[in-house]
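As stored in target07.pdb (PDB, C-alpha atoms and all ligand atoms):
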ATOM      1  CA  MET A   1     -37.298   6.338  21.626  1.00  0.00           C
ATOM      2  CA  LEU A   2     -39.387   4.472  24.145  1.00  0.00           C
ATOM      3  CA  ILE A   3     -40.765   1.220  22.745  1.00  0.00           C
ATOM      4  CA  ILE A   4     -43.485  -0.492  24.734  1.00  0.00           C
ATOM      5  CA  GLY A   5     -45.043  -3.814  23.765  1.00  0.00           C
ATOM      6  CA  ASN A   6     -48.604  -4.310  24.926  1.00  0.00           C
ATOM      7  CA  LEU A   7     -48.855  -8.091  24.634  1.00  0.00           C
ATOM      8  CA  LYS A   8     -52.528  -7.954  25.638  1.00  0.00           C
ATOM      9  CA  MET A   9     -54.041 -11.461  26.129  1.00  0.00           C
ATOM     10  CA  TYR A  10     -52.498 -12.894  22.971  1.00  0.00           C
ATOM     11  CA  MET A  11     -49.967 -15.383  24.344  1.00  0.00           C
ATOM     12  CA  THR A  12     -50.051 -18.865  25.847  1.00  0.00           C
ATOM     13  CA  TYR A  13     -47.204 -20.192  27.986  1.00  0.00           C
ATOM     14  CA  GLU A  14     -45.525 -21.844  24.971  1.00  0.00           C
ATOM     15  CA  LYS A  15     -45.545 -18.615  23.017  1.00  0.00           C
ATOM     16  CA  VAL A  16     -44.180 -16.696  26.005  1.00  0.00           C
ATOM     17  CA  ASN A  17     -41.282 -19.164  26.312  1.00  0.00           C
ATOM     18  CA  ASN A  18     -40.515 -18.937  22.633  1.00  0.00           C
ATOM     19  CA  PHE A  19     -40.566 -15.152  22.812  1.00  0.00           C
ATOM     20  CA  ILE A  20     -38.243 -15.083  25.833  1.00  0.00           C
ATOM     21  CA  GLU A  21     -35.777 -17.470  24.179  1.00  0.00           C
ATOM     22  CA  ASN A  22     -35.514 -15.301  21.087  1.00  0.00           C
ATOM     23  CA  PHE A  23     -35.880 -11.688  22.122  1.00  0.00           C
ATOM     24  CA  ASP A  24     -33.448  -9.575  24.114  1.00  0.00           C
ATOM     25  CA  GLU A  25     -33.838  -6.072  22.717  1.00  0.00           C
ATOM     26  CA  ASP A  26     -34.238  -3.066  25.009  1.00  0.00           C
ATOM     27  CA  VAL A  27     -37.977  -2.451  25.131  1.00  0.00           C
ATOM     28  CA  VAL A  28     -40.635  -2.444  27.833  1.00  0.00           C
ATOM     29  CA  LEU A  29     -42.936  -5.462  27.711  1.00  0.00           C
ATOM     30  CA  CYS A  30     -46.413  -5.581  29.208  1.00  0.00           C
ATOM     31  CA  PRO A  31     -47.515  -9.228  29.355  1.00  0.00           C
ATOM     32  CA  SER A  32     -50.611 -10.691  30.963  1.00  0.00           C
ATOM     33  CA  SER A  33     -50.062 -10.453  34.716  1.00  0.00           C
ATOM     34  CA  ILE A  34     -49.831 -14.225  35.077  1.00  0.00           C
ATOM     35  CA  PHE A  35     -46.584 -14.108  33.022  1.00  0.00           C
ATOM     36  CA  VAL A  36     -45.032 -11.019  34.646  1.00  0.00           C
ATOM     37  CA  PRO A  37     -42.574 -13.011  36.843  1.00  0.00           C
ATOM     38  CA  TYR A  38     -41.211 -14.914  33.806  1.00  0.00           C
ATOM     39  CA  PHE A  39     -40.376 -11.673  32.050  1.00  0.00           C
ATOM     40  CA  LEU A  40     -38.890 -10.142  35.215  1.00  0.00           C
ATOM     41  CA  ASN A  41     -36.729 -13.216  35.789  1.00  0.00           C
ATOM     42  CA  HIS A  42     -35.370 -12.794  32.283  1.00  0.00           C
ATOM     43  CA  LYS A  43     -34.335  -9.212  33.034  1.00  0.00           C
ATOM     44  CA  TYR A  44     -36.818  -7.436  30.805  1.00  0.00           C
ATOM     45  CA  LYS A  45     -38.245  -4.045  31.714  1.00  0.00           C
ATOM     46  CA  VAL A  46     -41.798  -4.985  32.566  1.00  0.00           C
ATOM     47  CA  GLY A  47     -45.107  -3.176  32.760  1.00  0.00           C
ATOM     48  CA  VAL A  48     -48.551  -4.359  33.794  1.00  0.00           C
ATOM     49  CA  GLN A  49     -51.534  -3.810  31.509  1.00  0.00           C
ATOM     50  CA  ASP A  50     -53.696  -2.365  34.280  1.00  0.00           C
ATOM     51  CA  ILE A  51     -53.540  -1.668  38.015  1.00  0.00           C
ATOM     52  CA  SER A  52     -56.163  -1.581  40.704  1.00  0.00           C
ATOM     53  CA  MET A  53     -57.650   1.637  41.991  1.00  0.00           C
ATOM     54  CA  TYR A  54     -57.489   0.048  45.458  1.00  0.00           C
ATOM     55  CA  ASP A  55     -54.705  -0.544  47.962  1.00  0.00           C
ATOM     56  CA  LEU A  56     -53.811  -4.033  49.234  1.00  0.00           C
ATOM     57  CA  GLY A  57     -56.879  -5.778  50.623  1.00  0.00           C
ATOM     58  CA  SER A  58     -59.963  -7.789  49.777  1.00  0.00           C
ATOM     59  CA  HIS A  59     -60.240  -7.219  46.024  1.00  0.00           C
ATOM     60  CA  THR A  60     -60.442 -10.533  44.168  1.00  0.00           C
ATOM     61  CA  GLY A  61     -58.736 -10.564  40.793  1.00  0.00           C
ATOM     62  CA  GLU A  62     -57.042  -7.197  41.197  1.00  0.00           C
ATOM     63  CA  ILE A  63     -53.346  -6.301  41.164  1.00  0.00           C
ATOM     64  CA  SER A  64     -52.287  -3.319  43.229  1.00  0.00           C
ATOM     65  CA  ALA A  65     -49.656  -0.788  42.244  1.00  0.00           C
ATOM     66  CA  GLU A  66     -47.759  -1.679  45.420  1.00  0.00           C
ATOM     67  CA  GLN A  67     -47.662  -5.386  44.485  1.00  0.00           C
ATOM     68  CA  ALA A  68     -46.428  -4.564  40.990  1.00  0.00           C
ATOM     69  CA  LYS A  69     -43.726  -2.212  42.257  1.00  0.00           C
ATOM     70  CA  ASN A  70     -42.699  -4.637  44.983  1.00  0.00           C
ATOM     71  CA  LEU A  71     -42.131  -7.405  42.421  1.00  0.00           C
ATOM     72  CA  GLY A  72     -39.928  -5.247  40.188  1.00  0.00           C
ATOM     73  CA  VAL A  73     -42.452  -3.982  37.658  1.00  0.00           C
ATOM     74  CA  THR A  74     -41.615  -0.446  36.516  1.00  0.00           C
ATOM     75  CA  TYR A  75     -44.470   0.571  34.191  1.00  0.00           C
ATOM     76  CA  ALA A  76     -48.264   0.388  34.273  1.00  0.00           C
ATOM     77  CA  ILE A  77     -50.668   0.947  31.392  1.00  0.00           C
ATOM     78  CA  VAL A  78     -53.820   2.677  32.602  1.00  0.00           C
ATOM     79  CA  GLY A  79     -57.018   3.583  30.766  1.00  0.00           C
ATOM     80  CA  HIS A  80     -56.487   1.440  27.683  1.00  0.00           C
ATOM     81  CA  SER A  81     -59.446   1.813  25.318  1.00  0.00           C
ATOM     82  CA  GLU A  82     -60.183  -1.926  25.535  1.00  0.00           C
ATOM     83  CA  ARG A  83     -60.610  -1.575  29.291  1.00  0.00           C
ATOM     84  CA  ARG A  84     -62.654   1.582  28.875  1.00  0.00           C
ATOM     85  CA  LYS A  85     -64.904  -0.326  26.467  1.00  0.00           C
ATOM     86  CA  TYR A  86     -65.119  -3.935  27.696  1.00  0.00           C
ATOM     87  CA  ASN A  87     -64.615  -3.292  31.414  1.00  0.00           C
ATOM     88  CA  LYS A  88     -66.597  -0.053  31.386  1.00  0.00           C
ATOM     89  CA  GLU A  89     -63.804   1.820  33.130  1.00  0.00           C
ATOM     90  CA  THR A  90     -64.698   5.426  33.809  1.00  0.00           C
ATOM     91  CA  ASP A  91     -62.414   8.446  33.817  1.00  0.00           C
ATOM     92  CA  ALA A  92     -62.965   8.735  37.592  1.00  0.00           C
ATOM     93  CA  GLU A  93     -61.675   5.165  38.078  1.00  0.00           C
ATOM     94  CA  ILE A  94     -58.783   5.729  35.701  1.00  0.00           C
ATOM     95  CA  ASN A  95     -57.895   8.827  37.710  1.00  0.00           C
ATOM     96  CA  GLN A  96     -57.710   6.736  40.909  1.00  0.00           C
ATOM     97  CA  LYS A  97     -55.528   4.144  39.170  1.00  0.00           C
ATOM     98  CA  ILE A  98     -53.110   6.818  37.957  1.00  0.00           C
ATOM     99  CA  ILE A  99     -52.883   8.233  41.479  1.00  0.00           C
ATOM    100  CA  LYS A 100     -52.067   4.772  42.891  1.00  0.00           C
ATOM    101  CA  GLY A 101     -49.497   4.118  40.171  1.00  0.00           C
ATOM    102  CA  LEU A 102     -47.699   7.420  40.660  1.00  0.00           C
ATOM    103  CA  GLU A 103     -47.820   7.111  44.470  1.00  0.00           C
ATOM    104  CA  ASN A 104     -46.006   3.790  44.124  1.00  0.00           C
ATOM    105  CA  ASP A 105     -43.341   5.176  41.780  1.00  0.00           C
ATOM    106  CA  LEU A 106     -44.506   3.331  38.708  1.00  0.00           C
ATOM    107  CA  LYS A 107     -44.183   5.015  35.333  1.00  0.00           C
ATOM    108  CA  VAL A 108     -47.808   5.334  34.328  1.00  0.00           C
ATOM    109  CA  ILE A 109     -48.764   5.117  30.651  1.00  0.00           C
ATOM    110  CA  LEU A 110     -52.133   6.804  30.294  1.00  0.00           C
ATOM    111  CA  CYS A 111     -53.935   5.806  27.084  1.00  0.00           C
ATOM    112  CA  ILE A 112     -56.237   8.340  25.503  1.00  0.00           C
ATOM    113  CA  GLY A 113     -57.847   8.649  22.089  1.00  0.00           C
ATOM    114  CA  GLU A 114     -61.037   9.218  20.162  1.00  0.00           C
ATOM    115  CA  ASN A 115     -63.333   6.910  18.288  1.00  0.00           C
ATOM    116  CA  LYS A 116     -64.327   7.402  14.659  1.00  0.00           C
ATOM    117  CA  GLY A 117     -66.843  10.210  14.329  1.00  0.00           C
ATOM    118  CA  GLU A 118     -66.063  11.743  17.718  1.00  0.00           C
ATOM    119  CA  ASP A 119     -64.749  15.264  18.179  1.00  0.00           C
ATOM    120  CA  LYS A 120     -61.091  14.334  18.683  1.00  0.00           C
ATOM    121  CA  LEU A 121     -59.895  17.431  20.521  1.00  0.00           C
ATOM    122  CA  LYS A 122     -62.922  17.510  22.794  1.00  0.00           C
ATOM    123  CA  VAL A 123     -62.531  13.831  23.749  1.00  0.00           C
ATOM    124  CA  ILE A 124     -58.813  14.176  24.379  1.00  0.00           C
ATOM    125  CA  GLU A 125     -59.167  17.319  26.470  1.00  0.00           C
ATOM    126  CA  LYS A 126     -61.924  15.744  28.585  1.00  0.00           C
ATOM    127  CA  GLN A 127     -59.909  12.549  29.116  1.00  0.00           C
ATOM    128  CA  LEU A 128     -56.770  14.463  30.081  1.00  0.00           C
ATOM    129  CA  LEU A 129     -58.530  16.789  32.512  1.00  0.00           C
ATOM    130  CA  GLU A 130     -60.637  14.085  34.162  1.00  0.00           C
ATOM    131  CA  ASP A 131     -57.974  11.383  34.231  1.00  0.00           C
ATOM    132  CA  LEU A 132     -55.385  13.755  35.728  1.00  0.00           C
ATOM    133  CA  ASN A 133     -57.760  15.485  38.129  1.00  0.00           C
ATOM    134  CA  GLY A 134     -56.073  16.322  41.449  1.00  0.00           C
ATOM    135  CA  ILE A 135     -52.657  15.140  40.289  1.00  0.00           C
ATOM    136  CA  ASN A 136     -49.786  17.583  40.775  1.00  0.00           C
ATOM    137  CA  ASN A 137     -46.643  15.695  39.854  1.00  0.00           C
ATOM    138  CA  ILE A 138     -46.486  14.243  36.345  1.00  0.00           C
ATOM    139  CA  ASP A 139     -42.758  13.494  36.228  1.00  0.00           C
ATOM    140  CA  ASN A 140     -43.530   9.762  35.894  1.00  0.00           C
ATOM    141  CA  LEU A 141     -46.474  10.124  33.559  1.00  0.00           C
ATOM    142  CA  ILE A 142     -46.356   9.061  29.912  1.00  0.00           C
ATOM    143  CA  ILE A 143     -49.273   9.604  27.561  1.00  0.00           C
ATOM    144  CA  ALA A 144     -50.097   7.176  24.765  1.00  0.00           C
ATOM    145  CA  TYR A 145     -52.236   8.683  22.026  1.00  0.00           C
ATOM    146  CA  GLU A 146     -54.178   5.723  20.634  1.00  0.00           C
ATOM    147  CA  PRO A 147     -57.043   6.583  18.279  1.00  0.00           C
ATOM    148  CA  ILE A 148     -59.555   3.782  18.818  1.00  0.00           C
ATOM    149  CA  TRP A 149     -60.293   3.476  15.091  1.00  0.00           C
ATOM    150  CA  CYS A 150     -56.635   2.598  14.531  1.00  0.00           C
ATOM    151  CA  ILE A 151     -56.258  -0.121  17.169  1.00  0.00           C
ATOM    152  CA  GLY A 152     -56.038  -3.526  15.530  1.00  0.00           C
ATOM    153  CA  THR A 153     -57.442  -2.204  12.250  1.00  0.00           C
ATOM    154  CA  GLY A 154     -54.298  -1.811  10.143  1.00  0.00           C
ATOM    155  CA  ILE A 155     -55.155   1.877   9.729  1.00  0.00           C
ATOM    156  CA  THR A 156     -53.039   4.767  11.061  1.00  0.00           C
ATOM    157  CA  PRO A 157     -53.607   8.516  10.909  1.00  0.00           C
ATOM    158  CA  THR A 158     -51.205  10.530   8.745  1.00  0.00           C
ATOM    159  CA  ASN A 159     -47.999  11.758  10.353  1.00  0.00           C
ATOM    160  CA  GLU A 160     -49.354  15.309  10.148  1.00  0.00           C
ATOM    161  CA  GLN A 161     -52.524  14.320  12.014  1.00  0.00           C
ATOM    162  CA  ILE A 162     -50.562  12.568  14.768  1.00  0.00           C
ATOM    163  CA  GLU A 163     -48.139  15.469  15.092  1.00  0.00           C
ATOM    164  CA  ALA A 164     -50.993  17.982  15.423  1.00  0.00           C
ATOM    165  CA  THR A 165     -52.736  15.848  18.044  1.00  0.00           C
ATOM    166  CA  ILE A 166     -49.541  15.521  20.068  1.00  0.00           C
ATOM    167  CA  SER A 167     -49.039  19.302  20.003  1.00  0.00           C
ATOM    168  CA  PHE A 168     -52.588  19.689  21.257  1.00  0.00           C
ATOM    169  CA  ILE A 169     -51.915  17.212  24.094  1.00  0.00           C
ATOM    170  CA  GLN A 170     -48.732  19.093  25.031  1.00  0.00           C
ATOM    171  CA  THR A 171     -50.629  22.393  25.059  1.00  0.00           C
ATOM    172  CA  ILE A 172     -53.230  21.057  27.485  1.00  0.00           C
ATOM    173  CA  ILE A 173     -50.539  19.511  29.670  1.00  0.00           C
ATOM    174  CA  ARG A 174     -48.403  22.669  29.701  1.00  0.00           C
ATOM    175  CA  GLU A 175     -51.408  24.839  30.592  1.00  0.00           C
ATOM    176  CA  ARG A 176     -52.310  22.567  33.480  1.00  0.00           C
ATOM    177  CA  PHE A 177     -48.861  21.488  34.770  1.00  0.00           C
ATOM    178  CA  GLY A 178     -46.358  23.992  33.334  1.00  0.00           C
ATOM    179  CA  GLN A 179     -44.238  21.247  31.831  1.00  0.00           C
ATOM    180  CA  SER A 180     -44.349  18.833  28.927  1.00  0.00           C
ATOM    181  CA  VAL A 181     -44.762  15.071  28.970  1.00  0.00           C
ATOM    182  CA  LYS A 182     -43.582  12.113  26.884  1.00  0.00           C
ATOM    183  CA  VAL A 183     -46.206  11.206  24.285  1.00  0.00           C
ATOM    184  CA  LEU A 184     -46.276   7.858  22.488  1.00  0.00           C
ATOM    185  CA  TYR A 185     -48.338   6.824  19.495  1.00  0.00           C
ATOM    186  CA  GLY A 186     -50.213   3.508  19.443  1.00  0.00           C
ATOM    187  CA  GLY A 187     -52.581   1.832  16.982  1.00  0.00           C
ATOM    188  CA  SER A 188     -51.580  -0.633  14.224  1.00  0.00           C
ATOM    189  CA  VAL A 189     -47.856   0.135  14.463  1.00  0.00           C
ATOM    190  CA  ASP A 190     -45.980  -2.564  12.538  1.00  0.00           C
ATOM    191  CA  LYS A 191     -42.765  -3.297  10.662  1.00  0.00           C
ATOM    192  CA  ASP A 192     -44.204  -1.850   7.450  1.00  0.00           C
ATOM    193  CA  ASN A 193     -45.330   1.558   8.730  1.00  0.00           C
ATOM    194  CA  ILE A 194     -42.634   2.175  11.364  1.00  0.00           C
ATOM    195  CA  ASN A 195     -40.289   3.845   8.871  1.00  0.00           C
ATOM    196  CA  THR A 196     -42.973   6.416   8.126  1.00  0.00           C
ATOM    197  CA  LEU A 197     -44.233   6.861  11.683  1.00  0.00           C
ATOM    198  CA  LYS A 198     -40.755   7.359  13.109  1.00  0.00           C
ATOM    199  CA  LYS A 199     -40.476  10.634  11.172  1.00  0.00           C
ATOM    200  CA  ILE A 200     -43.040  12.314  13.451  1.00  0.00           C
ATOM    201  CA  ASN A 201     -41.070  15.081  15.161  1.00  0.00           C
ATOM    202  CA  ASN A 202     -42.735  15.493  18.529  1.00  0.00           C
ATOM    203  CA  LEU A 203     -43.087  11.790  19.345  1.00  0.00           C
ATOM    204  CA  SER A 204     -41.282  10.052  22.250  1.00  0.00           C
ATOM    205  CA  GLY A 205     -41.990   6.480  21.218  1.00  0.00           C
ATOM    206  CA  PHE A 206     -44.564   3.797  20.411  1.00  0.00           C
ATOM    207  CA  LEU A 207     -47.048   1.552  22.196  1.00  0.00           C
ATOM    208  CA  ILE A 208     -47.275  -1.560  20.039  1.00  0.00           C
ATOM    209  CA  GLY A 209     -49.977  -4.210  20.391  1.00  0.00           C
ATOM    210  CA  LYS A 210     -50.336  -7.180  18.021  1.00  0.00           C
ATOM    211  CA  ALA A 211     -47.024  -6.645  16.198  1.00  0.00           C
ATOM    212  CA  SER A 212     -45.115  -6.837  19.502  1.00  0.00           C
ATOM    213  CA  THR A 213     -46.272 -10.411  20.119  1.00  0.00           C
ATOM    214  CA  ASP A 214     -44.236 -11.564  17.104  1.00  0.00           C
ATOM    215  CA  TYR A 215     -40.607 -11.328  18.256  1.00  0.00           C
ATOM    216  CA  ARG A 216     -39.261 -11.248  14.688  1.00  0.00           C
ATOM    217  CA  GLN A 217     -41.437  -8.311  13.799  1.00  0.00           C
ATOM    218  CA  LEU A 218     -40.669  -6.524  17.075  1.00  0.00           C
ATOM    219  CA  LYS A 219     -36.931  -6.928  16.358  1.00  0.00           C
ATOM    220  CA  GLU A 220     -37.424  -5.331  12.946  1.00  0.00           C
ATOM    221  CA  ILE A 221     -39.294  -2.428  14.510  1.00  0.00           C
ATOM    222  CA  VAL A 222     -36.566  -1.913  17.135  1.00  0.00           C
ATOM    223  CA  ALA A 223     -33.871  -2.052  14.432  1.00  0.00           C
ATOM    224  CA  SER A 224     -35.709   0.550  12.374  1.00  0.00           C
ATOM    225  CA  LEU A 225     -36.005   2.881  15.374  1.00  0.00           C
ATOM    226  CA  MET A 226     -32.307   2.500  16.239  1.00  0.00           C
ATOM    227  CA  ASP A 227     -31.351   3.504  12.685  1.00  0.00           C
TER     228      ASP A 227
HETATM  229  P1  LIG A 301     -52.358  -2.655  18.024  1.00  0.00           P
HETATM  230  O1  LIG A 301     -52.743  -2.235  19.511  1.00  0.00           O
HETATM  231  O2  LIG A 301     -50.905  -2.302  17.820  1.00  0.00           O
HETATM  232  O3  LIG A 301     -52.607  -4.119  17.976  1.00  0.00           O
HETATM  233  O4  LIG A 301     -53.249  -1.866  17.105  1.00  0.00           O
HETATM  234  C1  LIG A 301     -52.174  -1.115  20.118  1.00  0.00           C
HETATM  235  C2  LIG A 301     -52.729  -0.973  21.508  1.00  0.00           C
HETATM  236  O5  LIG A 301     -53.920  -1.278  21.718  1.00  0.00           O
HETATM  237  O6  LIG A 301     -52.008  -0.583  22.443  1.00  0.00           O
END
For this file, write the structure as structure tokens.
Ligand code: PGA
Amino acid sequence: MLIIGNLKMYMTYEKVNNFIENFDEDVVLCPSSIFVPYFLNHKYKVGVQDISMYDLGSHTGEISAEQAKNLGVTYAIVGHSERRKYNKETDAEINQKIIKGLENDLKVILCIGENKGEDKLKVIEKQLLEDLNGINNIDNLIIAYEPIWCIGTGITPTNEQIEATISFIQTIIRERFGQSVKVLYGGSVDKDNINTLKKINNLSGFLIGKASTDYRQLKEIVASLMD
């Protein structure tokens, strides 16, 4: 099981230090970029929460896939729904970011998912086809299915709903690439629902937001998944 903590923009320096002092389980952590070197120096597997669609050059505030790789980062989240919403990222931009990530040998975690009231399968198919346009090698691609109505809300779909959505994702991917892909679930995963969610058969792991910023809770989740 692949466990990835998306620490988002939740932590100050003090909280990061406290986390690092107390947590040494085998997960991938995606902190704010400003803290990436701390986590790398403490031998964690580290991902960035976003990468630039551009190569090295004059792009203020951006972090390129090459810089991340060069520093020792191994994963990159791309297309998170918060970036799609607040930063108005388009599927065409997300596609460019995935290309840069894969070109630089990062494991790219592509986030997809529908909002409440949207036609789930239609949204997912469109995101997959547009975000992966022109890409031929998906060996280093991971997909995170994150229904937007479940992120930070305390609500999760039923196991049956998640399982059906993952099968649908695998069907699209197999039709397009002739192989399957790792699919994670994300959205309000916590220590209380992990024992239920871990029973989903076709799941490769979890992308955990808020709950991953609390090292005690993250330890409980890891322990449950190791069971
Ligand atoms: P959440 O976030 O676990 O806080 O709902 C998940 C995510 O956005 O990746």
Open item on the list: Could you tell me, as a PyMOL selection string, exactly which residues end up selected when the PyMOL selection byres (((chain A and resi 169-177) around 8) and not hetatm) is applied to this structure?
Closed with: chain A and resi 124-125+128+136+138+165-168+178-181
- [ ] Would you list the residues that come within 6 Å of ligand LIG 301 (chain A)? Count all atoms listed in the file and give the answer as a PyMOL selection string.
- [x] chain A and resi 6+151-152+186-189+207-210
Task: Nearest residue to Val27 (chain A) from the set A:Glu114, A:Thr74, A:Lys45, A:Met11 (distances using all atoms listed in the file) - done: A:Lys45
Open item on the list: If we count all atoms listed in the file and set the cut-off at 12 Å, which residues sit around Thr12 (chain A), ignoring sequence neighbours fewer than 4 positions away in its own chain? Please answer as a list in words.
Closed with: Leu7, Lys8, Val16, Asn17, Asn18, Phe19, Pro31, Ser32, Ile34, Phe35 and Thr213 of chain A
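Residues matched by the PyMOL selection byres (((chain A and resi 109) around 9) and not hetatm) in this structure: Tyr75, Ala76, Ile77, Val78, Gly79, Ile98, Lys107, Val108, Leu110, Cys111, Asn140, Leu141, Ile142, Ile143, Ala144 and Leu184 of chain A.
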TODO: Decode the PyMOL selection byres (((chain A and resi 91) around 10) and not hetatm) for the given file into explicit residues and return them as a ChimeraX atom specification.
DONE: /A:79,84,88-90,92-97,126-133
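Nearest residue to Gly101 (chain A) among A:Gln161, A:Thr153, A:Gln49, A:Asn22 is A:Gln49, counting all atoms listed in the file.
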Task: Distance criterion (all atoms listed in the file): nearest to Ser224 (chain A) out of A:Met9, A:Ile3, A:Glu82, A:Lys116 - done: A:Ile3
Task: Among the residues A:Ser58, A:Gly5, A:Phe23, A:Lys85, the one that comes closest to Val46 (chain A) [using only C-alpha atoms] - done: A:Gly5
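Using only C-alpha atoms, the shortest contact distance between Leu225 (chain A) and any of A:Leu197, A:Leu102, A:Val36, A:Leu71 is found at A:Leu197.
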Task: Coordinates-based distance that separates CA of Gly113 (chain A) from CA of Ala68 (chain A) (Å, one decimal) - done: 25.7 Å
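Atom pair CA of Met1 (chain A) / CA of Gln217 (chain A) has a distance of 17.1 Å (rounded to one decimal).
Nearest residue to Leu56 (chain A), choosing from A:Leu29, A:Pro37, A:Asn70, A:Asp24 and counting all atoms listed in the file: A:Asn70.
Our summary of the geometry notes that CA of Leu40 (chain A) is positioned 15.0 Å from CA of Leu106 (chain A).
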